[in-house]
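Asks: The file below is entry.txt, compact mmCIF, C-alpha atoms:
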# COMPACT_ATOMS: atom_id res chain seq x y z
CA MET A 1 0.00 0.00 0.00
CA ASP A 2 2.90 2.31 0.76
CA SER A 3 4.26 1.75 -2.72
CA LEU A 4 0.83 2.25 -4.30
CA ALA A 5 0.32 5.51 -2.39
CA THR A 6 3.75 6.72 -3.49
CA ARG A 7 3.22 5.78 -7.13
CA THR A 8 -0.26 7.31 -7.34
CA GLY A 9 -0.58 9.92 -4.59
CA LEU A 10 2.86 11.48 -4.90
CA GLU A 11 2.62 11.43 -8.70
CA ALA A 12 -0.83 13.10 -8.68
CA VAL A 13 0.19 15.74 -6.13
CA GLY A 14 3.33 16.44 -8.13
CA TRP A 15 1.40 16.98 -11.36
CA ILE A 16 -1.12 19.22 -9.60
CA VAL A 17 1.52 21.33 -7.86
CA ALA A 18 3.99 21.52 -10.76
CA PRO A 19 1.83 23.80 -13.01
CA VAL A 20 1.41 26.32 -10.19
CA ASP A 21 5.15 26.26 -9.56
CA TRP A 22 5.72 26.60 -13.32
CA ILE A 23 3.35 29.58 -13.58
CA GLN A 24 4.93 31.23 -10.56
CA ARG A 25 8.45 30.63 -11.85
CA THR A 26 7.64 31.63 -15.42
CA SER A 27 5.96 34.86 -14.29
CA LEU A 28 8.96 35.73 -12.15
CA ASP A 29 11.37 34.83 -14.93
CA LEU A 30 9.42 36.90 -17.44
CA TRP A 31 9.40 39.86 -15.12
CA ARG A 32 13.11 39.54 -14.45
CA ASP A 33 14.00 38.92 -18.08
CA TYR A 34 12.13 41.85 -19.56
CA VAL A 35 12.54 44.40 -16.83
CA ALA A 36 16.15 43.66 -16.09
CA LEU A 37 18.87 43.51 -18.71
CA VAL A 38 17.93 40.47 -20.76
CA ASN A 39 21.29 39.56 -22.28
CA VAL A 40 23.27 40.26 -19.16
CA ARG A 41 20.97 38.08 -17.12
CA ARG A 42 21.15 35.19 -19.58
CA GLU A 43 24.91 35.44 -19.79
CA ASN A 44 25.01 35.59 -16.03
CA GLU A 45 22.94 32.44 -15.78
CA ARG A 46 25.29 30.61 -18.14
CA VAL A 47 28.30 31.75 -16.17
CA LYS A 48 26.64 30.75 -12.88
CA GLN A 49 25.88 27.33 -14.30
CA ARG A 50 29.49 26.97 -15.41
CA ILE A 51 30.75 28.15 -12.01
CA GLN A 52 28.54 25.62 -10.28
CA GLU A 53 29.95 22.84 -12.42
CA LEU A 54 33.51 24.02 -11.81
CA GLU A 55 32.91 24.38 -8.09
CA ILE A 56 31.73 20.81 -7.92
CA GLN A 57 34.72 19.65 -9.95
CA GLN A 58 37.03 21.70 -7.75
CA MET A 59 35.39 20.33 -4.62
CA ARG A 60 35.97 16.78 -5.81
CA LEU A 61 39.51 17.47 -6.99
CA ARG A 62 40.52 19.18 -3.73
CA SER A 63 39.40 16.15 -1.85
CA ARG A 64 41.18 13.85 -4.29
CA VAL A 65 44.52 15.67 -3.93
CA ALA A 66 44.58 15.05 -0.20
CA GLU A 67 43.32 11.56 -0.74
CA THR A 68 45.96 10.72 -3.34
CA LYS A 69 48.79 11.71 -1.00
CA ARG A 70 47.51 9.35 1.63
CA LEU A 71 46.72 6.57 -0.77
CA ARG A 72 50.13 6.64 -2.45
CA ARG A 73 51.48 5.15 0.74
CA LEU A 74 49.11 2.27 0.50
CA LEU A 75 49.37 -0.69 -1.77
CA GLY A 76 46.45 -2.46 -3.30
CA PHE A 77 44.22 0.60 -3.17
CA SER A 78 41.04 0.33 -5.26
CA PRO A 79 39.81 3.68 -6.61
CA PRO A 80 36.39 4.94 -5.41
CA PRO A 81 33.48 4.66 -7.88
CA ALA A 82 32.82 7.63 -10.12
CA TRP A 83 29.72 9.74 -9.49
CA ASN A 84 27.67 11.87 -11.85
CA CYS A 85 25.00 14.39 -11.04
CA THR A 86 21.74 15.62 -12.50
CA GLY A 87 19.82 18.77 -11.60
CA ALA A 88 16.34 18.81 -10.05
CA ARG A 89 14.03 21.67 -9.15
CA ILE A 90 12.11 21.95 -5.88
CA VAL A 91 8.39 22.28 -6.68
CA GLY A 92 6.93 22.03 -3.19
CA GLU A 93 7.63 21.50 0.46
CA ARG A 94 5.44 19.71 2.95
CA MET A 95 2.34 18.78 0.94
CA SER A 96 0.31 16.80 3.46
CA PRO A 97 -0.46 16.68 7.20
CA SER A 98 1.23 13.26 7.23
CA ASP A 99 4.44 14.92 6.10
CA ALA A 100 6.02 14.98 9.55
CA LEU A 101 9.61 14.87 8.29
CA ARG A 102 11.67 17.72 6.84
CA THR A 103 11.22 17.00 3.14
CA VAL A 104 10.86 18.82 -0.18
CA LEU A 105 9.25 17.70 -3.43
CA LEU A 106 11.54 17.40 -6.48
CA ASN A 107 10.50 17.43 -10.13
CA LYS A 108 12.53 14.32 -11.03
CA GLY A 109 11.44 10.75 -10.39
CA SER A 110 12.20 7.15 -11.28
CA ALA A 111 11.75 7.96 -14.99
CA ASN A 112 14.83 10.19 -14.64
CA ALA A 113 16.81 7.41 -12.92
CA VAL A 114 16.23 8.96 -9.49
CA HIS A 115 15.95 6.35 -6.77
CA PRO A 116 15.68 6.33 -2.95
CA GLY A 117 18.98 6.93 -1.20
CA MET A 118 20.50 9.20 -3.86
CA PRO A 119 22.49 12.03 -2.26
CA ALA A 120 21.49 15.62 -3.04
CA LEU A 121 23.80 18.59 -2.89
CA THR A 122 24.30 22.18 -3.99
CA PRO A 123 27.62 23.62 -5.16
CA THR A 124 28.32 24.60 -1.54
CA GLY A 125 27.54 21.32 0.18
CA LEU A 126 25.37 18.33 0.96
CA VAL A 127 21.62 18.94 1.58
CA GLY A 128 20.03 15.50 1.93
CA GLN A 129 19.05 12.27 0.24
CA VAL A 130 16.09 11.00 -1.77
CA LEU A 131 13.47 9.39 0.49
CA LYS A 132 10.99 8.01 -2.05
CA THR A 133 10.16 8.38 -5.70
CA SER A 134 7.21 8.12 -8.05
CA GLN A 135 7.42 8.10 -11.85
CA SER A 136 8.09 11.83 -12.26
CA PHE A 137 8.60 13.22 -8.75
CA SER A 138 10.53 12.40 -5.62
CA LYS A 139 10.75 13.44 -1.98
CA LEU A 140 14.05 14.62 -0.59
CA LEU A 141 14.82 14.15 3.10
CA LEU A 142 16.78 17.18 4.24
CA ILE A 143 19.97 16.84 6.24
CA THR A 144 18.38 18.85 9.08
CA ASP A 145 15.75 16.17 9.77
CA PRO A 146 16.43 14.16 12.95
CA ASN A 147 16.20 10.95 10.89
CA SER A 148 19.08 12.04 8.64
CA LYS A 149 22.40 10.48 9.61
CA VAL A 150 25.47 11.15 7.48
CA PRO A 151 28.90 9.56 8.06
CA VAL A 152 31.40 12.44 8.03
CA ILE A 153 35.09 13.04 8.58
CA GLY A 154 37.08 16.14 9.57
CA ARG A 155 39.02 17.45 6.58
CA GLN A 156 42.20 18.11 8.60
CA SER A 157 41.87 15.95 11.70
CA ARG A 158 40.40 12.94 9.83
CA THR A 159 38.11 12.36 12.82
CA LYS A 160 35.14 10.20 11.89
CA ALA A 161 31.62 10.86 13.22
CA ILE A 162 27.94 10.70 12.35
CA LEU A 163 26.18 13.97 11.54
CA LYS A 164 22.62 13.98 12.85
CA GLY A 165 19.96 16.58 12.04
CA ARG A 166 18.11 18.34 14.87
CA GLY A 167 15.26 20.01 13.03
CA ALA A 168 14.85 23.37 11.30
CA GLY A 169 16.68 26.22 12.98
CA ASN A 170 18.88 23.91 15.08
CA ALA A 171 22.49 23.22 14.17
CA PRO A 172 23.07 19.53 13.36
CA GLN A 173 25.26 17.61 15.76
CA LEU A 174 28.17 15.19 15.42
CA ASP A 175 27.53 11.96 17.29
CA TYR A 176 30.16 9.62 18.71
CA VAL A 177 33.11 12.00 18.81
CA ALA A 178 35.37 10.69 21.57
CA ARG A 179 36.76 13.17 24.12
CA ASN A 180 40.39 12.84 23.04
CA THR A 181 39.84 13.40 19.30
CA PRO A 182 41.67 16.38 17.76
CA LEU A 183 38.63 18.13 16.23
CA SER A 184 38.75 21.93 16.27
CA GLU A 185 36.24 24.76 15.80
CA GLY A 186 36.10 26.08 12.23
CA GLU A 187 37.19 22.78 10.68
CA ILE A 188 35.25 21.63 7.63
CA VAL A 189 33.60 18.23 7.81
CA VAL A 190 33.10 16.24 4.61
CA THR A 191 31.32 12.98 3.88
CA SER A 192 33.48 10.00 4.79
CA GLY A 193 32.05 7.65 2.19
CA LEU A 194 31.40 4.96 4.78
CA GLY A 195 28.19 3.07 4.20
CA GLY A 196 28.30 3.69 0.47
CA VAL A 197 25.33 6.07 0.33
CA PHE A 198 27.26 9.34 0.12
CA PRO A 199 30.43 9.64 -1.98
CA LYS A 200 33.55 10.60 -0.10
CA GLY A 201 34.63 14.23 0.14
CA ILE A 202 31.42 16.26 -0.22
CA PRO A 203 31.62 19.29 2.10
CA VAL A 204 28.83 19.24 4.68
CA GLY A 205 29.49 21.92 7.27
CA ARG A 206 31.88 23.78 9.50
CA ILE A 207 32.36 22.97 13.19
CA GLN A 208 30.51 25.68 15.10
CA SER A 209 31.13 24.70 18.71
CA ILE A 210 32.66 21.90 20.75
CA GLU A 211 31.57 21.23 24.32
CA GLN A 212 32.69 18.63 26.80
CA PRO A 213 29.64 17.48 28.80
CA GLY A 214 30.49 16.47 32.38
CA GLN A 215 30.04 12.71 32.46
CA SER A 216 29.72 11.81 28.79
CA LEU A 217 32.36 9.80 26.94
CA PHE A 218 31.74 11.91 23.85
CA GLN A 219 32.10 15.56 22.91
CA GLU A 220 29.08 17.65 21.96
CA VAL A 221 29.94 19.04 18.53
CA LYS A 222 27.59 21.36 16.65
CA VAL A 223 27.99 21.98 12.93
CA ARG A 224 26.90 24.95 10.82
CA LEU A 225 25.81 23.63 7.42
CA LEU A 226 27.54 25.08 4.36
CA SER A 227 24.34 24.87 2.32
CA ASP A 228 21.13 26.26 3.81
CA PRO A 229 18.42 23.63 3.23
CA GLY A 230 15.74 26.22 4.03
CA GLY A 231 16.39 28.37 0.98
CA LEU A 232 16.78 25.71 -1.67
CA GLU A 233 15.45 26.13 -5.21
CA GLU A 234 17.46 23.54 -7.12
CA VAL A 235 19.61 20.60 -6.11
CA LEU A 236 22.00 18.22 -7.81
CA LEU A 237 21.34 14.52 -7.39
CA LEU A 238 24.35 12.21 -7.40
CA HIS A 239 24.39 8.72 -8.80
CA HIS A 240 26.97 6.06 -9.49
CA SER A 241 28.16 6.29 -13.08
CA ALA A 242 28.22 2.52 -13.18
CA ARG A 243 24.48 2.38 -12.51
CA ASP A 244 21.72 3.89 -14.68
CA ARG A 245 22.71 7.29 -15.89
CA PRO A 246 20.36 10.28 -16.50
CA LYS A 247 20.44 11.83 -19.95
CA ASP A 248 20.97 15.41 -18.74
CA SER A 249 23.88 14.86 -16.40
CA VAL A 250 25.57 18.22 -15.81
CA LEU A 251 28.98 16.59 -15.41
CA ASP A 252 28.70 14.45 -18.50
CA PRO A 253 31.99 14.91 -20.39
CA ALA A 254 30.19 14.40 -23.70
CA ARG A 255 27.74 17.19 -22.96
CA PRO A 256 28.61 20.46 -24.76
CA ARG A 257 29.61 23.21 -22.31
CA PRO A 258 28.20 26.73 -22.57
CA GLY A 259 30.54 28.73 -24.72
CA ASP A 260 32.06 25.68 -26.47
CA MET B 261 -22.40 23.19 -10.83
CA ASN B 262 -22.06 19.47 -11.23
CA GLU B 263 -21.22 17.78 -7.92
CA VAL B 264 -18.41 15.64 -9.38
CA LEU B 265 -16.81 18.74 -10.90
CA TRP B 266 -17.15 20.53 -7.56
CA TRP B 267 -15.30 17.77 -5.70
CA ILE B 268 -12.56 17.64 -8.36
CA LEU B 269 -12.06 21.39 -8.03
CA TYR B 270 -12.19 21.07 -4.25
CA THR B 271 -9.43 18.41 -4.36
CA LEU B 272 -7.22 20.52 -6.65
CA CYS B 273 -7.65 23.60 -4.45
CA GLY B 274 -7.04 21.45 -1.37
CA ILE B 275 -3.67 20.28 -2.70
CA TRP B 276 -2.64 23.83 -3.61
CA ILE B 277 -3.67 25.13 -0.17
CA GLN B 278 -1.82 22.30 1.57
CA GLY B 279 1.26 23.19 -0.48
CA ALA B 280 0.95 26.87 0.38
CA ILE B 281 0.24 26.36 4.11
CA PRO B 282 2.30 23.33 5.17
CA GLY B 283 0.66 21.01 7.66
CA VAL B 284 -3.00 21.98 7.18
CA ASP B 285 -5.63 19.43 6.24
CA CYS B 286 -8.10 20.36 3.51
CA PHE B 287 -9.64 16.94 3.00
CA GLY B 288 -10.91 16.44 6.56
CA PRO B 289 -13.44 19.29 6.18
CA GLY B 290 -14.49 17.78 2.84
CA LEU B 291 -15.01 14.43 4.52
CA LEU B 292 -17.25 16.09 7.12
CA LEU B 293 -19.19 17.92 4.44
CA CYS B 294 -19.96 14.63 2.71
CA LEU B 295 -21.01 13.04 6.00
CA GLN B 296 -23.24 15.87 7.20
CA THR B 297 -25.01 16.15 3.83
CA GLY B 298 -25.43 12.38 3.59
CA ARG B 299 -23.45 12.21 0.32
CA PHE B 300 -22.17 8.69 0.98
CA LYS B 301 -21.71 7.89 -2.72
CA SER B 302 -19.35 10.84 -3.06
CA LEU B 303 -17.60 9.80 0.13
CA PHE B 304 -17.16 6.29 -1.23
CA TRP B 305 -15.01 7.42 -4.17
CA LEU B 306 -13.49 10.53 -2.62
CA ALA B 307 -12.13 9.00 0.60
CA PRO B 308 -9.75 6.50 -1.11
CA ILE B 309 -8.48 9.22 -3.46
CA TRP B 310 -7.86 11.64 -0.59
CA VAL B 311 -6.16 8.95 1.49
CA LEU B 312 -3.87 8.05 -1.43
CA LEU B 313 -3.02 11.71 -2.05
CA GLN B 314 -2.27 12.38 1.62
CA GLU B 315 -0.27 9.19 2.07
CA GLY B 316 1.61 9.57 -1.22
CA ALA B 317 2.53 13.19 -0.59
CA GLY B 318 3.44 12.47 3.03
CA SER B 319 6.72 11.15 4.34
CA LEU B 320 5.39 8.68 6.93
CA PRO B 321 4.73 4.99 6.30
CA PHE B 322 1.29 4.11 4.97
CA GLY B 323 -1.50 4.30 7.55
CA SER B 324 -1.31 7.70 9.20
CA ALA B 325 -3.78 9.47 6.86
CA LEU B 326 -6.08 6.45 6.90
CA LEU B 327 -6.07 6.38 10.70
CA TYR B 328 -6.60 10.13 10.89
CA ASP B 329 -9.59 10.08 8.52
CA ALA B 330 -11.09 7.03 10.26
CA GLY B 331 -10.84 8.87 13.58
CA LEU B 332 -12.60 11.93 12.14
CA VAL B 333 -15.47 9.80 10.81
CA TYR B 334 -15.77 7.96 14.13
CA PHE B 335 -15.81 11.20 16.12
CA PHE B 336 -18.47 12.65 13.79
CA LEU B 337 -20.68 9.60 14.30
CA LEU B 338 -20.05 9.79 18.04
CA ILE B 339 -21.09 13.42 18.54
CA ARG B 340 -23.82 13.56 15.90
CA PRO B 341 -26.69 12.47 18.24
CA TYR B 342 -25.68 15.06 20.85
CA ILE B 343 -24.73 18.19 18.90
CA ASN B 344 -26.80 20.12 16.40
CA LEU B 345 -24.87 20.25 13.11
CA THR B 346 -25.70 23.96 12.69
CA SER B 347 -24.27 24.80 16.11
CA PRO B 348 -20.79 26.39 16.25
CA MET B 349 -19.99 23.81 18.94
CA TYR B 350 -20.12 21.13 16.26
CA ILE B 351 -17.29 22.42 14.09
CA LEU B 352 -15.29 23.75 17.03
CA SER B 353 -15.30 20.37 18.78
CA ILE B 354 -14.43 18.55 15.55
CA SER B 355 -11.59 21.00 14.80
CA LEU B 356 -10.20 20.55 18.28
CA PHE B 357 -10.46 16.78 17.95
CA ALA B 358 -8.78 16.93 14.50
CA GLY B 359 -5.78 18.80 15.97
CA LEU B 360 -5.42 16.48 18.95
CA TRP B 361 -5.98 13.37 16.84
CA HIS B 362 -3.39 14.49 14.28
CA PHE B 363 -0.86 15.00 17.09
CA GLY B 364 -1.68 11.55 18.48
CA VAL B 365 -1.62 9.73 15.14
CA VAL B 366 1.75 11.19 14.10
CA HIS B 367 3.26 10.25 17.47
CA LEU B 368 1.77 6.76 17.32
CA VAL B 369 2.92 6.01 13.76
CA THR B 370 6.40 7.45 14.25
CA SER B 371 6.97 5.65 17.57
CA LEU B 372 5.86 2.34 16.03
CA GLN B 373 8.23 2.81 13.08
CA GLY B 374 11.15 4.15 15.13
CA ILE B 375 11.06 7.51 13.30
CA HIS B 376 12.39 10.55 15.13
CA ILE B 377 10.21 13.66 15.09
CA LEU B 378 10.31 16.96 16.89
CA SER B 379 7.24 17.14 19.14
CA GLN B 380 7.28 20.92 19.13
CA GLN B 381 7.03 21.01 15.34
CA ILE B 382 4.12 18.54 15.34
CA LEU B 383 2.42 20.53 18.10
CA PHE B 384 2.59 23.75 16.06
CA GLN B 385 1.36 21.84 13.01
CA SER B 386 -1.59 20.49 15.02
CA ILE B 387 -2.45 23.98 16.32
CA ARG B 388 -2.35 25.33 12.77
CA LEU B 389 -4.54 22.45 11.60
CA THR B 390 -7.06 23.18 14.39
CA ALA B 391 -7.17 26.87 13.48
CA VAL B 392 -7.52 26.41 9.71
CA PHE B 393 -9.91 23.44 9.82
CA PRO B 394 -13.12 25.44 10.63
CA VAL B 395 -12.21 28.13 8.08
CA ILE B 396 -11.93 25.61 5.25
CA TRP B 397 -15.06 23.82 6.43
CA ALA B 398 -17.02 27.11 6.55
CA LEU B 399 -15.90 28.19 3.07
CA ALA B 400 -16.57 24.77 1.56
CA SER B 401 -20.00 24.56 3.28
CA LEU B 402 -21.02 28.02 2.06
CA ILE B 403 -20.10 27.24 -1.54
CA TYR B 404 -21.60 23.77 -1.37
CA TYR B 405 -24.94 24.78 0.18
CA PHE B 406 -25.53 27.87 -1.92
CA ARG B 407 -24.02 26.86 -5.26
CA ILE B 408 -23.91 23.08 -5.48
CA ALA B 409 -26.84 21.71 -3.47
CA PRO B 410 -29.12 24.53 -2.20
CA SER B 411 -31.70 21.93 -1.10
CA HIS B 412 -29.30 20.93 1.69
CA ALA B 413 -28.97 24.47 3.05
CA ARG B 414 -29.61 24.68 6.76
CA PHE B 415 -28.67 28.32 7.34
Will you turn the file into structure tokens for me?
Replies:
Amino acid sequence: MDSLATRTGLEAVGWIVAPVDWIQRTSLDLWRDYVALVNVRRENERVKQRIQELEIQQMRLRSRVAETKRLRRLLGFSPPPAWNCTGARIVGERMSPSDALRTVLLNKGSANAVHPGMPALTPTGLVGQVLKTSQSFSKLLLITDPNSKVPVIGRQSRTKAILKGRGAGNAPQLDYVARNTPLSEGEIVVTSGLGGVFPKGIPVGRIQSIEQPGQSLFQEVKVRLLSDPGGLEEVLLLHHSARDRPKDSVLDPARPRPGD
Amino acid sequence: MNEVLWWILYTLCGIWIQGAIPGVDCFGPGLLLCLQTGRFKSLFWLAPIWVLLQEGAGSLPFGSALLYDAGLVYFFLLIRPYINLTSPMYILSISLFAGLWHFGVVHLVTSLQGIHILSQQILFQSIRLTAVFPVIWALASLIYYFRIAPSHARF
């Protein structure tokens, strides 16, 4: 029944909400395009798109440089799987009273090779993972939801932990950080790749505060997210290149770049 | 206006309103409207559609919307012999029940499934649902009685 409700209910709600979102977006775009400087705006959009792609590439490469240095010392290392990404637009937020989790509705579904568990990010950092999908739409569980648990690692200290959401407006927390670990305020945490859901090296947040509760074995570490899940309009969905691959992948090497 | 067309439009508007005001329930008032006007045929085909829409668009495992709607119907049948349907007490008590029941159902379903929720967020959602429920019911009733089925008007 859960599957039936997702395939029919989510699909129907998506198709009903999408035209309103389209009208709203188109009206805004028309207003912006014709009132503002049309060519400058379009050029700006192309450049922004290119910057986003380069930022993601840079993000991955930065992580790989550090990784390569460490891995050179190891023998028998198997390279991590390659990941590609596809863009999706947010067309709605909580659409039902039974939507008790922090989710948003995306305009891509199983027809676009989107499947539950796919990580979602923006050029600045991780924002969540796909919770469920219908044919043309999917629900994204945001990283701030208390049910979201992401394996992370400190970029400098290499301290491993689990990032757990604490609801909207509350900074997520790192669980299971032992008292003697060398984590410091301001350090960037990235996905550790453990568990296989999130690829390694995606920036998640910056350590905001570290407290040592009296009798606990662990530190209380709060993280300020690099990407604000509250103000999202579009996200990039990551998928293994080895698995099914969407046609409009923004990192597809065969895809012509703007300005080529 | 044709009754089937009315309910289709009502459903479309309900989804848009639920998208615009997160957490409110637009189909509960519709369910009540069907019950109080004795439109059981409409209820028969509308209830499964509304349950599927609510469950599909929701993020909880299947059952929460079904349980919530069943509770509303049960409470309506329970209070019907004691409260005049034209009395403000009728919709106020049902709205209050809807808010409390929603809070209870979400907590029940999430605790059974081991899902973490923030009680404060669900509490605010339930308060919002309680406040908006009579407004939607009043608007839907006015349109229904005066435009769709004037013979049912009790005002």
Asks: Counting all atoms listed in the file, write as a list in words all protein and nucleic acid residues lying at most 8 Å from (35.3, 5.8, 10.0) in the file's frame.
Replies: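 Looking at atoms near the point gives Pro151, Val152, Ile153, Thr159, Lys160, Ala161, Ser192 and Leu194 of chain A.
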Asks: Just write the chosen residues, C-alpha atoms, as a tab-separated table (two decimals), in the coordinates of the input.
Replies:
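Output below, filename part31.tsv:
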chain	number	residue	atom	x	y	z
A	151	PRO	CA	28.90	9.56	8.06
A	152	VAL	CA	31.40	12.44	8.03
A	153	ILE	CA	35.09	13.04	8.58
A	159	THR	CA	38.11	12.36	12.82
A	160	LYS	CA	35.14	10.20	11.89
A	161	ALA	CA	31.62	10.86	13.22
A	192	SER	CA	33.48	10.00	4.79
A	194	LEU	CA	31.40	4.96	4.78
Asks: Please return, as an MDAnalysis selection string, all residues of chain B lying within 6 Å of chain A when all atoms listed in the file are considered.
Replies: chainID B and resid 278:279 282:285 312:319 322 376
Asks: Since we have the selection now, will you write its residues out, keeping C-alpha atoms, as an mmCIF file, in the coordinates of the input?
Replies:
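Generated file (again.cif):
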data_model
loop_
_atom_site.group_PDB
_atom_site.id
_atom_site.type_symbol
_atom_site.label_atom_id
_atom_site.label_comp_id
_atom_site.auth_asym_id
_atom_site.auth_seq_id
_atom_site.Cartn_x
_atom_site.Cartn_y
_atom_site.Cartn_z
ATOM 1 C CA GLN B 278 -1.820 22.300 1.570
ATOM 2 C CA GLY B 279 1.260 23.190 -0.480
ATOM 3 C CA PRO B 282 2.300 23.330 5.170
ATOM 4 C CA GLY B 283 0.660 21.010 7.660
ATOM 5 C CA VAL B 284 -3.000 21.980 7.180
ATOM 6 C CA ASP B 285 -5.630 19.430 6.240
ATOM 7 C CA LEU B 312 -3.870 8.050 -1.430
ATOM 8 C CA LEU B 313 -3.020 11.710 -2.050
ATOM 9 C CA GLN B 314 -2.270 12.380 1.620
ATOM 10 C CA GLU B 315 -0.270 9.190 2.070
ATOM 11 C CA GLY B 316 1.610 9.570 -1.220
ATOM 12 C CA ALA B 317 2.530 13.190 -0.590
ATOM 13 C CA GLY B 318 3.440 12.470 3.030
ATOM 14 C CA SER B 319 6.720 11.150 4.340
ATOM 15 C CA PHE B 322 1.290 4.110 4.970
ATOM 16 C CA HIS B 376 12.390 10.550 15.130
#
Asks: Check the smallest atom-to-atom distance from each of A:Ser63, A:Ser27, A:Thr122, A:Gln57 to Lys200 (chain A) using only C-alpha atoms, then report the winner.
Replies: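 Closest to Lys200 (chain A), using only C-alpha atoms: A:Ser63.
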Asks: Just checking: using all atoms listed in the file, which residue out of A:Leu106, A:Val204, A:Ala82, A:Val221 ends up closest to Leu238 (chain A)?
Replies: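 The closest residue to Leu238 (chain A) is A:Ala82.
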Asks: Nearest residue to Gln215 (chain A) out of A:Asn170, A:Arg179, A:Val127, A:Ser136, using all atoms listed in the file?
Replies: A:Arg179
